[in-house]
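Just below is one structure, and these are the notes that go with it.
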Amino acid sequence: MKFRFWGVRGSIPSPGPRTVRYGGNTTCIEVCSRAGATIVLDAGTGIYALAQALMARRAAGGGDIRADIFITHSHWDHIHGLPFFAPLFVKGTQVCLHGAHDPVTGKGIEHVMGVQLQNSYFPVSEERMDATIAYRTLEAGEPHHLGDVRVDNVVMNHPVTNLGYRISCDGASLFFTGDHEPFYNPYAPDHPGHAAAAREMARRQQEIDAVMAGVDALIVDCSYTIQEYPAKQGWGHGTFDGALEMALRVGAKALYCTHHEPTRSDDELEAVFAEALSRFEGRLHGLRVVLAREGLEVAL
């Protein structure tokens, strides 16, 4: 198994000289198995560059493109590159879009494309795309198999339903959180609802940890510093410190910090990353910790 980061920013694309080293595109990760399966995690603006790479491989004799795109959740920065995925306009391409049921609208993952491709927002309808497009609405906690690849999911902590995905194949595994905020109890200790909320938080944390356990690569939303977090509580994003605690707790072999705050320059990003690491000096016990950047490719 190998994976590559095509987009590592959160919330909004932030291209420019301040972000050139780590990249300004929003979330997109490509995962490939030895047998040739192509899995795409999220469809932020990074998926545009991935599309160009897939088209080049096809032109070089790689054959028709088949891609399974797993959407963690439907917030704009995780889907707004999807209509610009060039293989959708190429005959012979097969794309399956996987994602969660939306309890608010009562609709499945096909609703994402249906909304994006409305004429008010995008000039080309799905009917004019030449690829074969399929949809699979996933049940939370239900494993899914794509040939030699197993995909498990679990509901993370975010204002909308966000599925974290564990990809397993070739004797290796990775887990991607999508957007995730560490659990916090909204009630004061003396509030009648505090104990019940604490039990539910513990249950959900155990559920998430079980799916993450022992992964070779843990890819985590690290939007904020611990100093910034109190003003952002409830927004659905994590911190560097929270990600480090998580990686140590679940026994991950490597941690990749992503979903970088869009206002942060590359220099500022490296500074806050180094500050967080300094607080864990002597505790990492061999855990490899990496600041994700566009173009970074990892073989597991």
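In the structure tokens, the first chain shown is A, the next is B, and so on; residue numbers restart at 1 for each chain, and ligands run from 1 in the order shown.
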
Neighbour list for Leu146 in chain A as a PyMOL selection string, cut-off 12 Å, only C-alpha atoms, skip fewer than 6 positions in-chain: chain A and resi 32-33+35-39+66-70+96+98+152+167-169

With N, CA and C atoms retained, could you export that selection as a PDB file, in the first residue's frame?
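Contents of part16.pdb, as written:
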ATOM      1  N   CYS A  32      -3.241   3.657  -2.896  1.00  0.00           N
ATOM      2  CA  CYS A  32      -3.136   2.651  -3.946  1.00  0.00           C
ATOM      3  C   CYS A  32      -2.698   1.321  -3.357  1.00  0.00           C
ATOM      4  N   SER A  33      -3.328   0.250  -3.810  1.00  0.00           N
ATOM      5  CA  SER A  33      -2.907  -1.090  -3.399  1.00  0.00           C
ATOM      6  C   SER A  33      -1.966  -1.657  -4.454  1.00  0.00           C
ATOM      7  N   ALA A  35      -2.322  -4.325  -5.997  1.00  0.00           N
ATOM      8  CA  ALA A  35      -3.122  -4.905  -7.080  1.00  0.00           C
ATOM      9  C   ALA A  35      -3.707  -3.847  -8.011  1.00  0.00           C
ATOM     10  N   GLY A  36      -3.535  -2.568  -7.692  1.00  0.00           N
ATOM     11  CA  GLY A  36      -3.963  -1.514  -8.597  1.00  0.00           C
ATOM     12  C   GLY A  36      -5.220  -0.758  -8.213  1.00  0.00           C
ATOM     13  N   ALA A  37      -5.790  -1.044  -7.041  1.00  0.00           N
ATOM     14  CA  ALA A  37      -6.975  -0.293  -6.613  1.00  0.00           C
ATOM     15  C   ALA A  37      -6.586   1.156  -6.328  1.00  0.00           C
ATOM     16  N   THR A  38      -7.437   2.087  -6.738  1.00  0.00           N
ATOM     17  CA  THR A  38      -7.239   3.513  -6.454  1.00  0.00           C
ATOM     18  C   THR A  38      -8.374   3.995  -5.571  1.00  0.00           C
ATOM     19  N   ILE A  39      -8.025   4.392  -4.354  1.00  0.00           N
ATOM     20  CA  ILE A  39      -9.002   4.915  -3.405  1.00  0.00           C
ATOM     21  C   ILE A  39      -8.645   6.373  -3.130  1.00  0.00           C
ATOM     22  N   ARG A  66     -10.349   3.714 -12.916  1.00  0.00           N
ATOM     23  CA  ARG A  66     -11.374   3.297 -11.960  1.00  0.00           C
ATOM     24  C   ARG A  66     -10.974   3.845 -10.608  1.00  0.00           C
ATOM     25  N   ALA A  67     -11.846   4.610  -9.995  1.00  0.00           N
ATOM     26  CA  ALA A  67     -11.533   5.226  -8.701  1.00  0.00           C
ATOM     27  C   ALA A  67     -12.722   5.115  -7.768  1.00  0.00           C
ATOM     28  N   ASP A  68     -12.422   4.778  -6.521  1.00  0.00           N
ATOM     29  CA  ASP A  68     -13.438   4.769  -5.458  1.00  0.00           C
ATOM     30  C   ASP A  68     -13.142   5.948  -4.550  1.00  0.00           C
ATOM     31  N   ILE A  69     -14.071   6.902  -4.502  1.00  0.00           N
ATOM     32  CA  ILE A  69     -13.883   8.134  -3.737  1.00  0.00           C
ATOM     33  C   ILE A  69     -14.710   8.036  -2.458  1.00  0.00           C
ATOM     34  N   PHE A  70     -14.034   8.101  -1.325  1.00  0.00           N
ATOM     35  CA  PHE A  70     -14.695   8.029  -0.028  1.00  0.00           C
ATOM     36  C   PHE A  70     -14.731   9.430   0.577  1.00  0.00           C
ATOM     37  N   CYS A  96     -16.921   5.425  -8.266  1.00  0.00           N
ATOM     38  CA  CYS A  96     -17.951   5.169  -7.256  1.00  0.00           C
ATOM     39  C   CYS A  96     -17.718   6.123  -6.099  1.00  0.00           C
ATOM     40  N   HIS A  98     -18.525   7.068  -2.333  1.00  0.00           N
ATOM     41  CA  HIS A  98     -18.970   6.435  -1.095  1.00  0.00           C
ATOM     42  C   HIS A  98     -19.086   7.498  -0.003  1.00  0.00           C
ATOM     43  N   ASP A 152     -13.001   0.066   6.617  1.00  0.00           N
ATOM     44  CA  ASP A 152     -13.861   0.171   7.796  1.00  0.00           C
ATOM     45  C   ASP A 152     -14.136   1.637   8.067  1.00  0.00           C
ATOM     46  N   ILE A 167      -8.244   2.013   6.013  1.00  0.00           N
ATOM     47  CA  ILE A 167      -7.969   1.294   4.780  1.00  0.00           C
ATOM     48  C   ILE A 167      -6.939   0.219   5.089  1.00  0.00           C
ATOM     49  N   SER A 168      -7.252  -1.035   4.761  1.00  0.00           N
ATOM     50  CA  SER A 168      -6.353  -2.153   5.047  1.00  0.00           C
ATOM     51  C   SER A 168      -6.132  -2.973   3.783  1.00  0.00           C
ATOM     52  N   CYS A 169      -4.865  -3.168   3.422  1.00  0.00           N
ATOM     53  CA  CYS A 169      -4.508  -4.050   2.313  1.00  0.00           C
ATOM     54  C   CYS A 169      -3.001  -4.267   2.320  1.00  0.00           C
TER      55      CYS A 169
END

Please list as an NGL selection string every residue within 10 Å of range 178-192 of chain A, counting only C-alpha atoms and excluding residues in the same chain fewer than 3 positions away. :A and (10 or 27-28 or 41-42 or 71-73 or 75 or 78 or 155-165 or 175 or 195-202 or 204-205 or 219-223 or 229 or 233-239 or 242-243 or 246 or 258-259)

Got time to write the residues from that selection, N, CA and C atoms, as a short mmCIF file (atom, residue, chain, number, x, y, z; two decimals), in the first residue's frame?
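Final output, again02.cif:
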data_model
loop_
_atom_site.label_atom_id
_atom_site.label_comp_id
_atom_site.auth_asym_id
_atom_site.auth_seq_id
_atom_site.Cartn_x
_atom_site.Cartn_y
_atom_site.Cartn_z
N GLY A 10 -7.17 23.07 5.44
CA GLY A 10 -8.54 22.98 5.88
C GLY A 10 -9.32 24.22 5.52
N THR A 27 -8.32 19.21 1.35
CA THR A 27 -8.08 17.79 1.60
C THR A 27 -8.34 16.85 0.43
N CYS A 28 -7.32 16.05 0.13
CA CYS A 28 -7.45 14.93 -0.81
C CYS A 28 -6.25 14.02 -0.62
N LEU A 41 -9.52 9.62 -0.72
CA LEU A 41 -10.15 10.08 0.52
C LEU A 41 -10.38 11.58 0.42
N ASP A 42 -11.62 11.96 0.30
CA ASP A 42 -12.09 13.33 0.19
C ASP A 42 -11.73 13.98 -1.14
N ILE A 71 -15.92 9.95 0.77
CA ILE A 71 -16.12 11.29 1.33
C ILE A 71 -16.33 11.15 2.84
N THR A 72 -15.52 11.87 3.63
CA THR A 72 -15.71 11.81 5.08
C THR A 72 -16.99 12.52 5.48
N HIS A 73 -17.23 13.70 4.89
CA HIS A 73 -18.44 14.47 5.18
C HIS A 73 -18.60 15.53 4.10
N HIS A 75 -18.96 18.92 4.07
CA HIS A 75 -18.59 20.34 4.13
C HIS A 75 -17.76 20.69 2.89
N HIS A 78 -14.22 19.61 1.64
CA HIS A 78 -13.97 18.19 1.41
C HIS A 78 -14.65 17.67 0.14
N VAL A 155 -18.00 6.72 13.07
CA VAL A 155 -18.46 8.11 13.14
C VAL A 155 -17.56 8.89 14.09
N MET A 156 -17.00 9.99 13.58
CA MET A 156 -16.12 10.85 14.36
C MET A 156 -16.93 11.95 15.03
N ASN A 157 -16.27 12.91 15.66
CA ASN A 157 -16.95 14.00 16.36
C ASN A 157 -16.85 15.28 15.54
N HIS A 158 -17.96 15.64 14.89
CA HIS A 158 -18.01 16.82 14.01
C HIS A 158 -19.46 17.30 13.98
N PRO A 159 -19.70 18.57 13.65
CA PRO A 159 -21.10 19.05 13.65
C PRO A 159 -22.02 18.33 12.68
N VAL A 160 -21.48 17.76 11.60
CA VAL A 160 -22.28 16.89 10.73
C VAL A 160 -21.67 15.50 10.78
N THR A 161 -22.40 14.50 10.27
CA THR A 161 -21.88 13.14 10.28
C THR A 161 -20.59 13.07 9.47
N ASN A 162 -19.52 12.66 10.12
CA ASN A 162 -18.20 12.53 9.50
C ASN A 162 -17.71 11.12 9.76
N LEU A 163 -17.44 10.39 8.69
CA LEU A 163 -16.91 9.04 8.82
C LEU A 163 -15.39 9.06 8.74
N GLY A 164 -14.73 8.49 9.76
CA GLY A 164 -13.31 8.22 9.66
C GLY A 164 -13.14 6.87 8.99
N TYR A 165 -12.11 6.74 8.15
CA TYR A 165 -11.93 5.52 7.36
C TYR A 165 -10.61 4.83 7.69
N PHE A 175 -5.44 5.08 8.80
CA PHE A 175 -6.73 5.62 9.25
C PHE A 175 -6.71 7.12 9.01
N ALA A 195 -23.02 13.18 33.90
CA ALA A 195 -22.64 11.76 33.99
C ALA A 195 -23.03 11.00 32.73
N ALA A 196 -24.25 11.23 32.23
CA ALA A 196 -24.71 10.52 31.03
C ALA A 196 -23.87 10.92 29.82
N ALA A 197 -23.54 12.22 29.73
CA ALA A 197 -22.70 12.69 28.62
C ALA A 197 -21.31 12.06 28.70
N ALA A 198 -20.78 11.95 29.90
CA ALA A 198 -19.45 11.34 30.08
C ALA A 198 -19.45 9.88 29.63
N ARG A 199 -20.50 9.16 29.95
CA ARG A 199 -20.60 7.76 29.54
C ARG A 199 -20.67 7.63 28.02
N GLU A 200 -21.45 8.50 27.41
CA GLU A 200 -21.59 8.45 25.95
C GLU A 200 -20.28 8.82 25.27
N MET A 201 -19.59 9.82 25.82
CA MET A 201 -18.28 10.19 25.26
C MET A 201 -17.31 9.03 25.35
N ALA A 202 -17.28 8.35 26.48
CA ALA A 202 -16.37 7.22 26.67
C ALA A 202 -16.70 6.09 25.70
N ARG A 204 -18.18 6.31 22.72
CA ARG A 204 -17.81 6.68 21.36
C ARG A 204 -16.29 6.70 21.19
N GLN A 205 -15.57 7.15 22.21
CA GLN A 205 -14.11 7.16 22.12
C GLN A 205 -13.57 5.75 21.99
N ILE A 219 -3.74 9.55 10.09
CA ILE A 219 -3.79 10.87 9.46
C ILE A 219 -4.90 11.67 10.14
N VAL A 220 -4.52 12.78 10.78
CA VAL A 220 -5.43 13.43 11.74
C VAL A 220 -5.57 14.93 11.47
N ASP A 221 -6.78 15.42 11.65
CA ASP A 221 -7.12 16.84 11.63
C ASP A 221 -6.41 17.54 12.79
N CYS A 222 -5.44 18.41 12.46
CA CYS A 222 -4.68 19.16 13.48
C CYS A 222 -4.79 20.65 13.19
N SER A 223 -5.99 21.17 13.15
CA SER A 223 -6.21 22.55 12.72
C SER A 223 -5.63 23.58 13.69
N TYR A 229 -7.51 26.67 20.62
CA TYR A 229 -8.69 25.80 20.67
C TYR A 229 -9.86 26.35 21.50
N GLN A 233 -13.89 25.95 20.23
CA GLN A 233 -14.56 24.75 20.72
C GLN A 233 -15.96 24.63 20.10
N GLY A 234 -16.26 23.42 19.64
CA GLY A 234 -17.55 23.18 19.00
C GLY A 234 -17.52 23.33 17.50
N TRP A 235 -16.40 23.80 16.94
CA TRP A 235 -16.30 23.97 15.50
C TRP A 235 -16.00 22.65 14.79
N GLY A 236 -15.56 21.63 15.56
CA GLY A 236 -15.39 20.31 14.98
C GLY A 236 -13.99 19.96 14.51
N HIS A 237 -12.98 20.65 15.05
CA HIS A 237 -11.61 20.40 14.62
C HIS A 237 -10.69 20.12 15.81
N GLY A 238 -9.55 19.48 15.49
CA GLY A 238 -8.65 19.05 16.53
C GLY A 238 -7.42 19.91 16.68
N THR A 239 -6.54 19.48 17.58
CA THR A 239 -5.29 20.18 17.86
C THR A 239 -4.12 19.21 17.65
N GLY A 242 -3.89 17.06 20.77
CA GLY A 242 -4.91 16.02 20.78
C GLY A 242 -4.57 14.88 19.84
N ALA A 243 -3.99 15.20 18.69
CA ALA A 243 -3.61 14.16 17.73
C ALA A 243 -2.47 13.31 18.28
N MET A 246 -3.83 10.98 20.83
CA MET A 246 -4.60 9.94 20.16
C MET A 246 -3.67 8.87 19.59
N THR A 258 -2.51 16.97 9.48
CA THR A 258 -3.02 17.60 8.26
C THR A 258 -4.17 18.55 8.59
N HIS A 259 -4.90 18.99 7.54
CA HIS A 259 -5.99 19.97 7.66
C HIS A 259 -5.46 21.26 8.28
#

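CA of Val20 in chain A is positioned 8.8 Å from CA of Ser265 in chain A.
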
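In terms of minimum interatomic distance to Val290 in chain A, A:Ala217 ranks closest within A:Leu138, A:Met55, A:Leu248, A:Ala217, counting only C-alpha atoms.
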
Which is closer to Gly99 in chain A than all the others in A:Ala131, A:Ala172, A:Met113, A:Leu277, using only C-alpha atoms? A:Met113

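In this comparison, which uses only C-alpha atoms, the residue of A:Ala43, A:Ile12, A:Gly171, A:Tyr135 approaching Ala299 in chain A most closely is A:Gly171.
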
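Put simply, CA of Gln94 in chain A is 4.9 Å away from CA of Thr132 in chain A.
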
Counting only C-alpha atoms, the residue of A:Leu50, A:Ala247, A:Leu291, A:Leu82 that sits nearest His260 in chain A: A:Leu291

Output as an NGL selection string all residues of range 17-217 of chain A that backbone DSSP marks as strand (DSSP E or B). :A and (26 or 28-32 or 38-41 or 66-70 or 94-100 or 102 or 107 or 132-138 or 144-146 or 149-155 or 163-169 or 172-176 or 217)

N, CA and C atoms of the current selection, written as a compact mmCIF listing (two decimals), in the first residue's frame:
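File produced: part13.txt:
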# COMPACT_ATOMS: atom_id res chain seq x y z
N THR A 26 -7.09 22.07 -0.53
CA THR A 26 -7.82 21.41 0.55
C THR A 26 -7.82 19.89 0.35
N CYS A 28 -7.32 16.05 0.13
CA CYS A 28 -7.45 14.93 -0.81
C CYS A 28 -6.25 14.02 -0.62
N ILE A 29 -6.50 12.72 -0.43
CA ILE A 29 -5.45 11.73 -0.23
C ILE A 29 -5.73 10.55 -1.18
N GLU A 30 -4.71 10.14 -1.92
CA GLU A 30 -4.81 8.98 -2.81
C GLU A 30 -4.17 7.77 -2.13
N VAL A 31 -4.87 6.65 -2.14
CA VAL A 31 -4.36 5.40 -1.58
C VAL A 31 -4.37 4.35 -2.69
N CYS A 32 -3.24 3.66 -2.90
CA CYS A 32 -3.14 2.65 -3.95
C CYS A 32 -2.70 1.32 -3.36
N THR A 38 -7.44 2.09 -6.74
CA THR A 38 -7.24 3.51 -6.45
C THR A 38 -8.37 4.00 -5.57
N ILE A 39 -8.02 4.39 -4.35
CA ILE A 39 -9.00 4.92 -3.41
C ILE A 39 -8.65 6.37 -3.13
N VAL A 40 -9.65 7.23 -3.16
CA VAL A 40 -9.44 8.65 -2.92
C VAL A 40 -10.22 9.03 -1.67
N LEU A 41 -9.52 9.62 -0.72
CA LEU A 41 -10.15 10.08 0.52
C LEU A 41 -10.38 11.58 0.42
N ARG A 66 -10.35 3.71 -12.92
CA ARG A 66 -11.37 3.30 -11.96
C ARG A 66 -10.97 3.84 -10.61
N ALA A 67 -11.85 4.61 -9.99
CA ALA A 67 -11.53 5.23 -8.70
C ALA A 67 -12.72 5.11 -7.77
N ASP A 68 -12.42 4.78 -6.52
CA ASP A 68 -13.44 4.77 -5.46
C ASP A 68 -13.14 5.95 -4.55
N ILE A 69 -14.07 6.90 -4.50
CA ILE A 69 -13.88 8.13 -3.74
C ILE A 69 -14.71 8.04 -2.46
N PHE A 70 -14.03 8.10 -1.32
CA PHE A 70 -14.69 8.03 -0.03
C PHE A 70 -14.73 9.43 0.58
N GLN A 94 -14.69 4.67 -14.56
CA GLN A 94 -15.67 4.21 -13.59
C GLN A 94 -15.35 4.85 -12.23
N VAL A 95 -16.30 5.57 -11.70
CA VAL A 95 -16.13 6.23 -10.41
C VAL A 95 -17.27 5.83 -9.49
N CYS A 96 -16.92 5.42 -8.27
CA CYS A 96 -17.95 5.17 -7.26
C CYS A 96 -17.72 6.12 -6.10
N LEU A 97 -18.74 6.85 -5.75
CA LEU A 97 -18.68 7.81 -4.64
C LEU A 97 -19.31 7.17 -3.41
N HIS A 98 -18.52 7.07 -2.33
CA HIS A 98 -18.97 6.43 -1.09
C HIS A 98 -19.09 7.50 0.00
N GLY A 99 -20.09 7.37 0.85
CA GLY A 99 -20.22 8.30 1.96
C GLY A 99 -21.41 7.98 2.84
N ALA A 100 -21.59 8.81 3.84
CA ALA A 100 -22.59 8.55 4.87
C ALA A 100 -23.99 9.01 4.46
N ASP A 102 -27.18 11.16 5.26
CA ASP A 102 -27.35 12.45 5.93
C ASP A 102 -28.67 12.44 6.71
N LYS A 107 -31.10 11.85 2.94
CA LYS A 107 -30.61 11.37 1.64
C LYS A 107 -29.22 10.76 1.78
N THR A 132 -18.93 6.43 -16.05
CA THR A 132 -19.96 5.69 -15.34
C THR A 132 -19.82 6.02 -13.86
N ILE A 133 -20.86 6.63 -13.29
CA ILE A 133 -20.80 7.10 -11.91
C ILE A 133 -21.80 6.30 -11.07
N ALA A 134 -21.29 5.73 -9.99
CA ALA A 134 -22.14 4.98 -9.07
C ALA A 134 -22.03 5.58 -7.68
N TYR A 135 -23.00 5.24 -6.83
CA TYR A 135 -23.04 5.78 -5.47
C TYR A 135 -23.24 4.64 -4.48
N ARG A 136 -22.56 4.74 -3.36
CA ARG A 136 -22.77 3.76 -2.29
C ARG A 136 -22.87 4.50 -0.97
N THR A 137 -24.06 4.50 -0.39
CA THR A 137 -24.26 5.10 0.92
C THR A 137 -23.87 4.07 1.98
N LEU A 138 -22.93 4.43 2.83
CA LEU A 138 -22.36 3.50 3.80
C LEU A 138 -23.13 3.52 5.11
N HIS A 144 -16.48 -2.60 4.27
CA HIS A 144 -16.75 -2.66 2.84
C HIS A 144 -15.48 -3.18 2.15
N HIS A 145 -15.64 -4.07 1.18
CA HIS A 145 -14.50 -4.67 0.50
C HIS A 145 -14.47 -4.23 -0.96
N LEU A 146 -13.27 -3.84 -1.41
CA LEU A 146 -13.03 -3.49 -2.80
C LEU A 146 -11.87 -4.36 -3.28
N VAL A 149 -8.87 -4.76 -0.92
CA VAL A 149 -8.88 -3.67 0.05
C VAL A 149 -10.11 -3.76 0.95
N ARG A 150 -9.87 -3.62 2.24
CA ARG A 150 -10.98 -3.55 3.20
C ARG A 150 -11.06 -2.11 3.73
N VAL A 151 -12.28 -1.57 3.74
CA VAL A 151 -12.50 -0.22 4.27
C VAL A 151 -13.48 -0.31 5.44
N ASP A 152 -13.00 0.07 6.62
CA ASP A 152 -13.86 0.17 7.80
C ASP A 152 -14.14 1.64 8.07
N ASN A 153 -15.26 1.92 8.70
CA ASN A 153 -15.57 3.31 9.03
C ASN A 153 -16.10 3.42 10.45
N VAL A 154 -16.03 4.63 10.98
CA VAL A 154 -16.56 4.91 12.31
C VAL A 154 -16.95 6.39 12.33
N VAL A 155 -18.00 6.72 13.07
CA VAL A 155 -18.46 8.11 13.14
C VAL A 155 -17.56 8.89 14.09
N LEU A 163 -17.44 10.39 8.69
CA LEU A 163 -16.91 9.04 8.82
C LEU A 163 -15.39 9.06 8.74
N GLY A 164 -14.73 8.49 9.76
CA GLY A 164 -13.31 8.22 9.66
C GLY A 164 -13.14 6.87 8.99
N TYR A 165 -12.11 6.74 8.15
CA TYR A 165 -11.93 5.52 7.36
C TYR A 165 -10.61 4.83 7.69
N ARG A 166 -10.69 3.52 7.88
CA ARG A 166 -9.49 2.68 7.99
C ARG A 166 -9.37 1.87 6.70
N ILE A 167 -8.24 2.01 6.01
CA ILE A 167 -7.97 1.29 4.78
C ILE A 167 -6.94 0.22 5.09
N SER A 168 -7.25 -1.03 4.76
CA SER A 168 -6.35 -2.15 5.05
C SER A 168 -6.13 -2.97 3.78
N CYS A 169 -4.86 -3.17 3.42
CA CYS A 169 -4.51 -4.05 2.31
C CYS A 169 -3.00 -4.27 2.32
N ALA A 172 -0.91 -3.89 5.46
CA ALA A 172 -0.71 -2.58 6.10
C ALA A 172 -2.05 -1.89 6.28
N SER A 173 -2.04 -0.80 7.06
CA SER A 173 -3.29 -0.08 7.31
C SER A 173 -3.03 1.39 7.57
N LEU A 174 -4.00 2.20 7.21
CA LEU A 174 -3.99 3.62 7.56
C LEU A 174 -5.38 4.01 8.02
N PHE A 175 -5.44 5.08 8.80
CA PHE A 175 -6.73 5.62 9.25
C PHE A 175 -6.71 7.12 9.01
N PHE A 176 -7.80 7.63 8.42
CA PHE A 176 -7.95 9.06 8.18
C PHE A 176 -9.18 9.55 8.92
N ALA A 217 -0.30 4.06 9.76
CA ALA A 217 -0.33 5.51 9.53
C ALA A 217 -1.66 6.07 10.01

All alpha helix (DSSP H) positions in range 28-253 of chain A, as a PyMOL selection string: chain A and resi 46-57+110-116+194-212+229-232+240-250

Go through A:Glu270, A:Glu281, A:Asp130, A:Glu275 and flag the residue nearest Arg293 in chain A, using only C-alpha atoms for the distances. A:Glu270

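Counting only C-alpha atoms, range 262-264 of chain A has the following residues at most 8 Å away, ignoring those fewer than 6 positions along the same chain: Arg9, Gly10, Ser11, Ile12, Pro13, Ser14, Thr19 and Gly24 of chain A.
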
Any chance you could export the current selection's C-alpha atoms as a short mmCIF file (atom, residue, chain, number, x, y, z; two decimals), in the first residue's frame?
data_model
loop_
_atom_site.label_atom_id
_atom_site.label_comp_id
_atom_site.auth_asym_id
_atom_site.auth_seq_id
_atom_site.Cartn_x
_atom_site.Cartn_y
_atom_site.Cartn_z
CA ARG A 9 -5.28 22.61 4.01
CA GLY A 10 -8.54 22.98 5.88
CA SER A 11 -11.61 25.15 5.38
CA ILE A 12 -10.61 27.11 2.25
CA PRO A 13 -7.87 26.89 -0.39
CA SER A 14 -4.94 29.13 0.50
CA THR A 19 1.98 28.25 1.68
CA GLY A 24 -2.67 25.46 -0.32
#

Please report the interatomic distance between CA of Tyr48 in chain A and CA of Thr105 in chain A in Å with one decimal. 28.0 Å

Counting only C-alpha atoms, figure out which residue out of A:Phe280, A:Phe240, A:Phe85, A:Phe122 gets nearest to Ile226 in chain A. A:Phe240
